[in-house]
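Asks: I have a structure here, written as structure tokens, and I will follow up with some questions on it.
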Amino acid sequence: MSEATNPLRKWQPSLDFMQALRNPILGALTGALFTALVQSSSATTGIVIVFASQGMIPLQAGIAIILGANVGTCVTAMLATIGKPRTATQVALVHLIFNTTGGIVALIVMAPFAQFVRSISREGDTARQVANPHTVFNIANAVLFIGFTGPLAKLVQRIAPLRPAPPRVQPKYLEKALLDVPAGALDAVRREIGHLGEQIVAIVRMIPTIMAARSPHEVEVLARMDEDADTLHAAIVAYLGQVATRDIAAKHAARIQDFIEIANDLDHASDTIEKEMATELREQLARRIPTVPTGPKMKELIDHTTWMIEASVEGVTTQNAELAQQVIDAKAAAQDLVRDARNELTRELRTADARMIQSVRHGFDYVGHLYYLTYLARRVAKASVRKQRDEETERRRDEVPRQ
């Protein structure tokens with residue numbers, strides 16, 4: 001480097017530029033730009049040492065360039081984040097803010113900083129006097145920021161917040177091309193409700209696992225499943241809203257209302273399990289309450305509830321009015337099972353200690369949630385039957401010969 005740069009000592013433009021670098025701000029900008037181009041603060045530091053050793057720049061100008069080099073090297077980190085997750089960008093921003101803020105502070109106290117560097121460097125050793133600021137700066141900067149890691153992290157999260165993760169489940173049937181054909185759009189909604197129903201049925205089948213209160217892992221799994229159901233529910237309602245803005249017949253308007261009710265009731269079923277029953281599970285795990293007693297009647301109630309949800313969804317998607325009617329007629333059986341399950345829990349109280357009493361209390365709550373799920377299943381079935389009856393009435397009206 002010394003041999004290569006020696007001619008610059010006699011070239012007037014070079015001398016004029018070196019003279020301009022005595023301005024700390026210009027020196028820092030030059031160091032940042034050069035380092036950004038070569039992507040190596042070490043290379044910049046080496047060149048500055050050569051220039052200083054040849055007497056081309058004074059110590060303070062060399063320090064300014066090195067401070068700028070610490071900022072310019074952040075470009076490498078920023079380039080490395082291209083195509084990477086947002087967390088990588090946040091880390092690179094921390095690097096940039098760390099070096100930029102430290103460099104500004106060092107420029108403000110340039111005179112005492114340079115004096116300190118001279119005091120720890122051997123007199124006459126220009127190379128060491130220029131190299132030491134790089135080490136001193138990074139150590140001092142780390143000491144300065146070590147107490148501000150929390151605020152720095154919050155600042156970076158505000159500048160570059162994490163992007164919400166894309167939904168794991170996307171609608172399958174809601175095509176925009178069908179929006180101008182109401183009958184086709186509503187049939188797509190019916191099929192999408194079946195897709196939503198698959199998610200709801202999977203959640204309902206988690207009930208025995210939840211009531212077993214085994215570990216918090218079940219709560220996490222359930223939360224993700226409920227998010228998937230929420231995604232589909234929101235997509236269905238939004239799509240129906242777009243259909244409703246078209247010029248549609250009265251029969252289509254009625255079906256839109258039915259489908260919204262069905263989608264809402266299925267979403268309520270998911271929320272009941274994830275927000276109500278899972279809350280019971282969290283409390284049981286936190287307080288180490290024993291597993292809820294699950295006798296024969298409780299198991300029958302769980303099985304009956306699961307069947308009602310599954311059958312109501314199938315009644316909608318396959319347009320099976322007979323199956324939907326079976327769900328509606330299952331109200332009395334559900335009420336009997338609820339009563340029997342409560343009686344079963346009441347018998348458990350006779351021999352229960354204090355901890356088991358809390359477990360039985362949760363059992364009564366679970367029974368209430370299960371009965372509400374059967375109510376939602378019947379609402380879905382009723383809306384399905386009503387829709388199919390309206391369609392049948394419309395079909396028969398069209399078949400009546402005109403006079």
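Going through the structure tokens in order, the chains are called A, B, and so on, while each chain numbers its residues from 1 and the ligands are numbered from 1 in the order shown.
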If you run DSSP on the backbone, which residues of region 165-250 of chain A are alpha helix (DSSP H), as an mmCIF file with N, CA and C atoms, in the first residue's frame?
Replies:
```cif
data_model
loop_
_atom_site.group_PDB
_atom_site.id
_atom_site.type_symbol
_atom_site.label_atom_id
_atom_site.label_comp_id
_atom_site.auth_asym_id
_atom_site.auth_seq_id
_atom_site.Cartn_x
_atom_site.Cartn_y
_atom_site.Cartn_z
ATOM 1 N N PRO A 182 -74.195 -14.673 -9.570
ATOM 2 C CA PRO A 182 -74.582 -14.937 -8.180
ATOM 3 C C PRO A 182 -74.770 -16.404 -7.849
ATOM 4 N N ALA A 183 -75.421 -17.161 -8.739
ATOM 5 C CA ALA A 183 -75.654 -18.572 -8.447
ATOM 6 C C ALA A 183 -74.334 -19.324 -8.318
ATOM 7 N N GLY A 184 -73.397 -19.045 -9.227
ATOM 8 C CA GLY A 184 -72.085 -19.687 -9.161
ATOM 9 C C GLY A 184 -71.298 -19.252 -7.945
ATOM 10 N N ALA A 185 -71.384 -17.960 -7.604
ATOM 11 C CA ALA A 185 -70.660 -17.451 -6.441
ATOM 12 C C ALA A 185 -71.179 -18.078 -5.155
ATOM 13 N N LEU A 186 -72.486 -18.221 -5.053
ATOM 14 C CA LEU A 186 -73.071 -18.807 -3.840
ATOM 15 C C LEU A 186 -72.759 -20.299 -3.741
ATOM 16 N N ASP A 187 -72.664 -20.964 -4.880
ATOM 17 C CA ASP A 187 -72.268 -22.372 -4.828
ATOM 18 C C ASP A 187 -70.812 -22.492 -4.371
ATOM 19 N N ALA A 188 -69.971 -21.545 -4.796
ATOM 20 C CA ALA A 188 -68.576 -21.541 -4.341
ATOM 21 C C ALA A 188 -68.509 -21.308 -2.832
ATOM 22 N N VAL A 189 -69.394 -20.448 -2.334
ATOM 23 C CA VAL A 189 -69.438 -20.202 -0.885
ATOM 24 C C VAL A 189 -69.850 -21.471 -0.148
ATOM 25 N N ARG A 190 -70.836 -22.183 -0.701
ATOM 26 C CA ARG A 190 -71.265 -23.434 -0.062
ATOM 27 C C ARG A 190 -70.090 -24.407 0.078
ATOM 28 N N ARG A 191 -69.306 -24.517 -0.997
ATOM 29 C CA ARG A 191 -68.154 -25.419 -0.937
ATOM 30 C C ARG A 191 -67.081 -24.898 0.028
ATOM 31 N N GLU A 192 -66.932 -23.579 0.078
ATOM 32 C CA GLU A 192 -65.942 -23.017 1.007
ATOM 33 C C GLU A 192 -66.381 -23.201 2.454
ATOM 34 N N ILE A 193 -67.676 -23.154 2.694
ATOM 35 C CA ILE A 193 -68.178 -23.443 4.035
ATOM 36 C C ILE A 193 -67.833 -24.887 4.413
ATOM 37 N N GLY A 194 -67.865 -25.780 3.414
ATOM 38 C CA GLY A 194 -67.414 -27.142 3.676
ATOM 39 C C GLY A 194 -65.943 -27.176 4.066
ATOM 40 N N HIS A 195 -65.145 -26.336 3.420
ATOM 41 C CA HIS A 195 -63.716 -26.231 3.776
ATOM 42 C C HIS A 195 -63.559 -25.712 5.202
ATOM 43 N N LEU A 196 -64.327 -24.677 5.534
ATOM 44 C CA LEU A 196 -64.324 -24.169 6.907
ATOM 45 C C LEU A 196 -64.789 -25.244 7.869
ATOM 46 N N GLY A 197 -65.833 -25.981 7.458
ATOM 47 C CA GLY A 197 -66.358 -27.035 8.319
ATOM 48 C C GLY A 197 -65.319 -28.095 8.646
ATOM 49 N N GLU A 198 -64.437 -28.405 7.686
ATOM 50 C CA GLU A 198 -63.369 -29.376 7.950
ATOM 51 C C GLU A 198 -62.479 -28.898 9.101
ATOM 52 N N GLN A 199 -62.192 -27.590 9.101
ATOM 53 C CA GLN A 199 -61.364 -27.032 10.177
ATOM 54 C C GLN A 199 -62.098 -27.107 11.518
ATOM 55 N N ILE A 200 -63.385 -26.803 11.491
ATOM 56 C CA ILE A 200 -64.168 -26.810 12.727
ATOM 57 C C ILE A 200 -64.271 -28.229 13.283
ATOM 58 N N VAL A 201 -64.529 -29.198 12.415
ATOM 59 C CA VAL A 201 -64.628 -30.589 12.862
ATOM 60 C C VAL A 201 -63.312 -31.046 13.489
ATOM 61 N N ALA A 202 -62.184 -30.663 12.885
ATOM 62 C CA ALA A 202 -60.876 -31.028 13.450
ATOM 63 C C ALA A 202 -60.697 -30.428 14.836
ATOM 64 N N ILE A 203 -61.198 -29.201 15.014
ATOM 65 C CA ILE A 203 -61.104 -28.554 16.322
ATOM 66 C C ILE A 203 -61.993 -29.257 17.340
ATOM 67 N N VAL A 204 -63.212 -29.616 16.926
ATOM 68 C CA VAL A 204 -64.140 -30.304 17.824
ATOM 69 C C VAL A 204 -63.553 -31.636 18.283
ATOM 70 N N ILE A 207 -61.549 -31.919 21.553
ATOM 71 C CA ILE A 207 -62.171 -31.756 22.867
ATOM 72 C C ILE A 207 -61.701 -32.803 23.878
ATOM 73 N N PRO A 208 -61.683 -34.091 23.541
ATOM 74 C CA PRO A 208 -61.203 -35.060 24.537
ATOM 75 C C PRO A 208 -59.777 -34.781 24.990
ATOM 76 N N THR A 209 -58.932 -34.353 24.068
ATOM 77 C CA THR A 209 -57.543 -34.030 24.424
ATOM 78 C C THR A 209 -57.490 -32.835 25.358
ATOM 79 N N ILE A 210 -58.325 -31.835 25.076
ATOM 80 C CA ILE A 210 -58.346 -30.640 25.926
ATOM 81 C C ILE A 210 -58.797 -31.007 27.335
ATOM 82 N N MET A 211 -59.850 -31.797 27.420
ATOM 83 C CA MET A 211 -60.383 -32.150 28.733
ATOM 84 C C MET A 211 -59.420 -33.027 29.534
ATOM 85 N N ALA A 212 -58.520 -33.712 28.820
ATOM 86 C CA ALA A 212 -57.522 -34.518 29.521
ATOM 87 C C ALA A 212 -56.462 -33.642 30.181
ATOM 88 N N HIS A 217 -49.062 -27.694 25.164
ATOM 89 C CA HIS A 217 -48.896 -27.869 23.720
ATOM 90 C C HIS A 217 -50.247 -27.919 23.015
ATOM 91 N N GLU A 218 -51.225 -28.558 23.660
ATOM 92 C CA GLU A 218 -52.556 -28.639 23.066
ATOM 93 C C GLU A 218 -53.159 -27.250 22.866
ATOM 94 N N VAL A 219 -52.887 -26.354 23.801
ATOM 95 C CA VAL A 219 -53.406 -24.987 23.680
ATOM 96 C C VAL A 219 -52.801 -24.300 22.460
ATOM 97 N N GLU A 220 -51.499 -24.479 22.246
ATOM 98 C CA GLU A 220 -50.831 -23.865 21.103
ATOM 99 C C GLU A 220 -51.370 -24.421 19.794
ATOM 100 N N VAL A 221 -51.528 -25.728 19.729
ATOM 101 C CA VAL A 221 -52.066 -26.349 18.515
ATOM 102 C C VAL A 221 -53.474 -25.840 18.236
ATOM 103 N N LEU A 222 -54.282 -25.758 19.268
ATOM 104 C CA LEU A 222 -55.658 -25.301 19.123
ATOM 105 C C LEU A 222 -55.710 -23.853 18.654
ATOM 106 N N ALA A 223 -54.820 -23.020 19.169
ATOM 107 C CA ALA A 223 -54.794 -21.612 18.766
ATOM 108 C C ALA A 223 -54.487 -21.481 17.273
ATOM 109 N N ARG A 224 -53.560 -22.276 16.781
ATOM 110 C CA ARG A 224 -53.236 -22.224 15.344
ATOM 111 C C ARG A 224 -54.410 -22.709 14.500
ATOM 112 N N MET A 225 -55.089 -23.733 14.968
ATOM 113 C CA MET A 225 -56.245 -24.233 14.227
ATOM 114 C C MET A 225 -57.360 -23.193 14.198
ATOM 115 N N ASP A 226 -57.545 -22.488 15.315
ATOM 116 C CA ASP A 226 -58.580 -21.456 15.366
ATOM 117 C C ASP A 226 -58.221 -20.291 14.441
ATOM 118 N N GLU A 227 -56.933 -19.960 14.326
ATOM 119 C CA GLU A 227 -56.512 -18.909 13.398
ATOM 120 C C GLU A 227 -56.844 -19.293 11.959
ATOM 121 N N ASP A 228 -56.640 -20.564 11.621
ATOM 122 C CA ASP A 228 -56.993 -21.028 10.271
ATOM 123 C C ASP A 228 -58.491 -20.881 10.026
ATOM 124 N N ALA A 229 -59.283 -21.271 11.025
ATOM 125 C CA ALA A 229 -60.735 -21.144 10.890
ATOM 126 C C ALA A 229 -61.141 -19.676 10.759
ATOM 127 N N ASP A 230 -60.504 -18.800 11.519
ATOM 128 C CA ASP A 230 -60.810 -17.364 11.434
ATOM 129 C C ASP A 230 -60.493 -16.822 10.045
ATOM 130 N N THR A 231 -59.401 -17.302 9.456
ATOM 131 C CA THR A 231 -59.022 -16.855 8.108
ATOM 132 C C THR A 231 -60.098 -17.204 7.097
ATOM 133 N N LEU A 232 -60.580 -18.432 7.142
ATOM 134 C CA LEU A 232 -61.613 -18.861 6.194
ATOM 135 C C LEU A 232 -62.940 -18.152 6.454
ATOM 136 N N HIS A 233 -63.283 -17.986 7.724
ATOM 137 C CA HIS A 233 -64.538 -17.291 8.061
ATOM 138 C C HIS A 233 -64.515 -15.872 7.532
ATOM 139 N N ALA A 234 -63.413 -15.157 7.756
ATOM 140 C CA ALA A 234 -63.310 -13.777 7.282
ATOM 141 C C ALA A 234 -63.391 -13.713 5.757
ATOM 142 N N ALA A 235 -62.763 -14.669 5.070
ATOM 143 C CA ALA A 235 -62.784 -14.686 3.610
ATOM 144 C C ALA A 235 -64.201 -14.936 3.090
ATOM 145 N N ILE A 236 -64.929 -15.837 3.735
ATOM 146 C CA ILE A 236 -66.306 -16.144 3.307
ATOM 147 C C ILE A 236 -67.211 -14.933 3.471
ATOM 148 N N VAL A 237 -67.141 -14.286 4.625
ATOM 149 C CA VAL A 237 -67.994 -13.121 4.879
ATOM 150 C C VAL A 237 -67.658 -11.988 3.912
ATOM 151 N N ALA A 238 -66.358 -11.759 3.678
ATOM 152 C CA ALA A 238 -65.949 -10.698 2.750
ATOM 153 C C ALA A 238 -66.438 -11.003 1.338
ATOM 154 N N TYR A 239 -66.348 -12.244 0.932
ATOM 155 C CA TYR A 239 -66.799 -12.648 -0.410
ATOM 156 C C TYR A 239 -68.304 -12.463 -0.550
ATOM 157 N N LEU A 240 -69.044 -12.864 0.467
ATOM 158 C CA LEU A 240 -70.495 -12.669 0.429
ATOM 159 C C LEU A 240 -70.847 -11.181 0.374
ATOM 160 N N GLY A 241 -70.046 -10.366 1.044
ATOM 161 C CA GLY A 241 -70.271 -8.922 0.971
ATOM 162 C C GLY A 241 -70.100 -8.403 -0.441
ATOM 163 N N GLN A 242 -69.121 -8.942 -1.167
ATOM 164 C CA GLN A 242 -68.926 -8.537 -2.562
ATOM 165 C C GLN A 242 -70.080 -9.014 -3.444
ATOM 166 N N VAL A 243 -70.568 -10.220 -3.180
ATOM 167 C CA VAL A 243 -71.722 -10.718 -3.948
ATOM 168 C C VAL A 243 -72.931 -9.826 -3.715
ATOM 169 N N ALA A 244 -73.115 -9.389 -2.468
ATOM 170 C CA ALA A 244 -74.291 -8.585 -2.121
ATOM 171 C C ALA A 244 -74.297 -7.233 -2.804
ATOM 172 N N ALA A 250 -83.973 -11.522 -5.080
ATOM 173 C CA ALA A 250 -84.338 -11.648 -3.662
ATOM 174 C C ALA A 250 -83.923 -13.006 -3.107
#
```
Asks: Using only C-alpha atoms, can you tell me which of A:Ile108, A:Ala61, A:Ile82, A:Leu370 comes closest to Pro133 (chain A)?
Replies: A:Ala61
Asks: Compile the contact shell of region 314-318 of chain A as a ChimeraX atom specification: residues with an atom at most 7 Å away, counting only C-alpha atoms, same-chain residues fewer than 3 positions apart removed.
Replies: /A:190-191,194,310-311,321,323-324,381,384
Asks: For the contact check between region 81-150 of chain A and region 34-42 of chain A, emit one row per residue of region 81-150 of chain A within 12 Å, containing the shortest atom pair and the distance in Å rounded to one decimal, counting only C-alpha atoms, chain then rising number order, as a tab-separated table.
Replies:
```
residue	atom	partner	partner_atom	distance
A:Ala131	CA	A:Ser42	CA	9.9
A:His134	CA	A:Ser42	CA	9.4
A:Thr135	CA	A:Ser42	CA	11.4
```
Asks: Store the residues picked out above, limited to C-alpha atoms, as a PDB file, in the first residue's frame.
Replies:
```pdb
ATOM      1  CA  ALA A 131      -5.185   1.971  14.406  1.00  0.00           C
ATOM      2  CA  HIS A 134     -10.818   1.642  15.681  1.00  0.00           C
ATOM      3  CA  THR A 135     -10.438  -0.569  18.756  1.00  0.00           C
TER       4      THR A 135
END
```
